[in-house]
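So the structure is just underneath, and the comments pick up after that.
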Amino acid sequence: MKKLQFQVSINAPASKIYDYMLGINNKSTYEQWTALFNPTSTYEGNWEKGNKMLFVGVDDKGEKGGMVSRIAENIPNQFVSIQHYGLLKADTEITEGPEVEKWANGFENYTFEENNGTTTLTVELDTTEDFLEYMNDTYPKALNKLKDICEK
């Protein structure tokens, strides 16, 4: 696993960024910025610590797929940690086997640091070699989309 880190400075309070990033009051704000990963990106579940969450989208064949995850920590407006532990293919959750072992127990962590109305959002994530280039290319674009949404 490789660790990646991305940062974006957003001219908005941490509470707004937290809300829009996670789609707390309106799931469409989450779907707008994550559409850069998959145009049909959404989630099933909720953001409470300990809860299971499915991060899903539809592939080019029309099949539902994504990640099976757990909310490891959620301190509103400060820190969110997501632990990925499986794959979703069609409607089947796969939590063991070679496909999952490469990246099982990988984390995605979000830290919000507000200073004088500007918030620095830091993203740290574990990824496999296969997804390194994709994440390095796509994540900054997705964070810029989140910035645009939050600064409107």
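We label chains A, B, ... in the order they appear in the structure tokens, count residues from 1 in each chain, and number ligands from 1 in the order shown.
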Per DSSP on the backbone, what are the alpha helix (DSSP H) residues of chain A, as a count of residues only?
41
Excluding A:Lys102 and any residue of its chain fewer than 3 positions from it, enumerate the residues within 8 Å of it, using only C-alpha atoms, and give them as a list of chain:residue names.
A:Met1, A:Pro98, A:Glu99, A:Thr128
Can you build me a table of stretch 120-144 of chain A residues sitting at most 10 Å from stretch 17-24 of chain A, with the closest atom pair per residue and its distance in Å to one decimal, using only C-alpha atoms, sorted by chain and residue number, as CSV?
```
residue,atom,partner,partner_atom,distance
A:Thr120,CA,A:Ile17,CA,9.8
A:Leu121,CA,A:Ile17,CA,8.5
A:Leu143,CA,A:Met21,CA,9.3
```
Those same residues - N, CA, C and O atoms - I'd like them written as a PDB file, in the first residue's frame.
```
ATOM      1  N   THR A 120      -8.312  24.397   5.775  1.00  0.00           N
ATOM      2  CA  THR A 120      -7.425  23.494   5.047  1.00  0.00           C
ATOM      3  C   THR A 120      -7.965  22.086   5.247  1.00  0.00           C
ATOM      4  O   THR A 120      -8.113  21.620   6.377  1.00  0.00           O
ATOM      5  N   LEU A 121      -8.291  21.449   4.142  1.00  0.00           N
ATOM      6  CA  LEU A 121      -8.756  20.068   4.163  1.00  0.00           C
ATOM      7  C   LEU A 121      -7.590  19.197   3.711  1.00  0.00           C
ATOM      8  O   LEU A 121      -7.048  19.387   2.615  1.00  0.00           O
ATOM      9  N   LEU A 143     -11.076  17.490  -5.316  1.00  0.00           N
ATOM     10  CA  LEU A 143     -10.990  18.467  -4.220  1.00  0.00           C
ATOM     11  C   LEU A 143     -11.230  19.888  -4.724  1.00  0.00           C
ATOM     12  O   LEU A 143     -11.834  20.705  -4.023  1.00  0.00           O
TER      13      LEU A 143
END
```
Find the residues around A:Gly57 up to 7 Å (only C-alpha atoms counted), leave out those fewer than 3 positions away in its own chain, and share them as a list in words.
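Using only C-alpha atoms, the neighbours found are Asn38, Thr40, Ser41, Thr42, Lys64, Gly65 and Gly66 of chain A.
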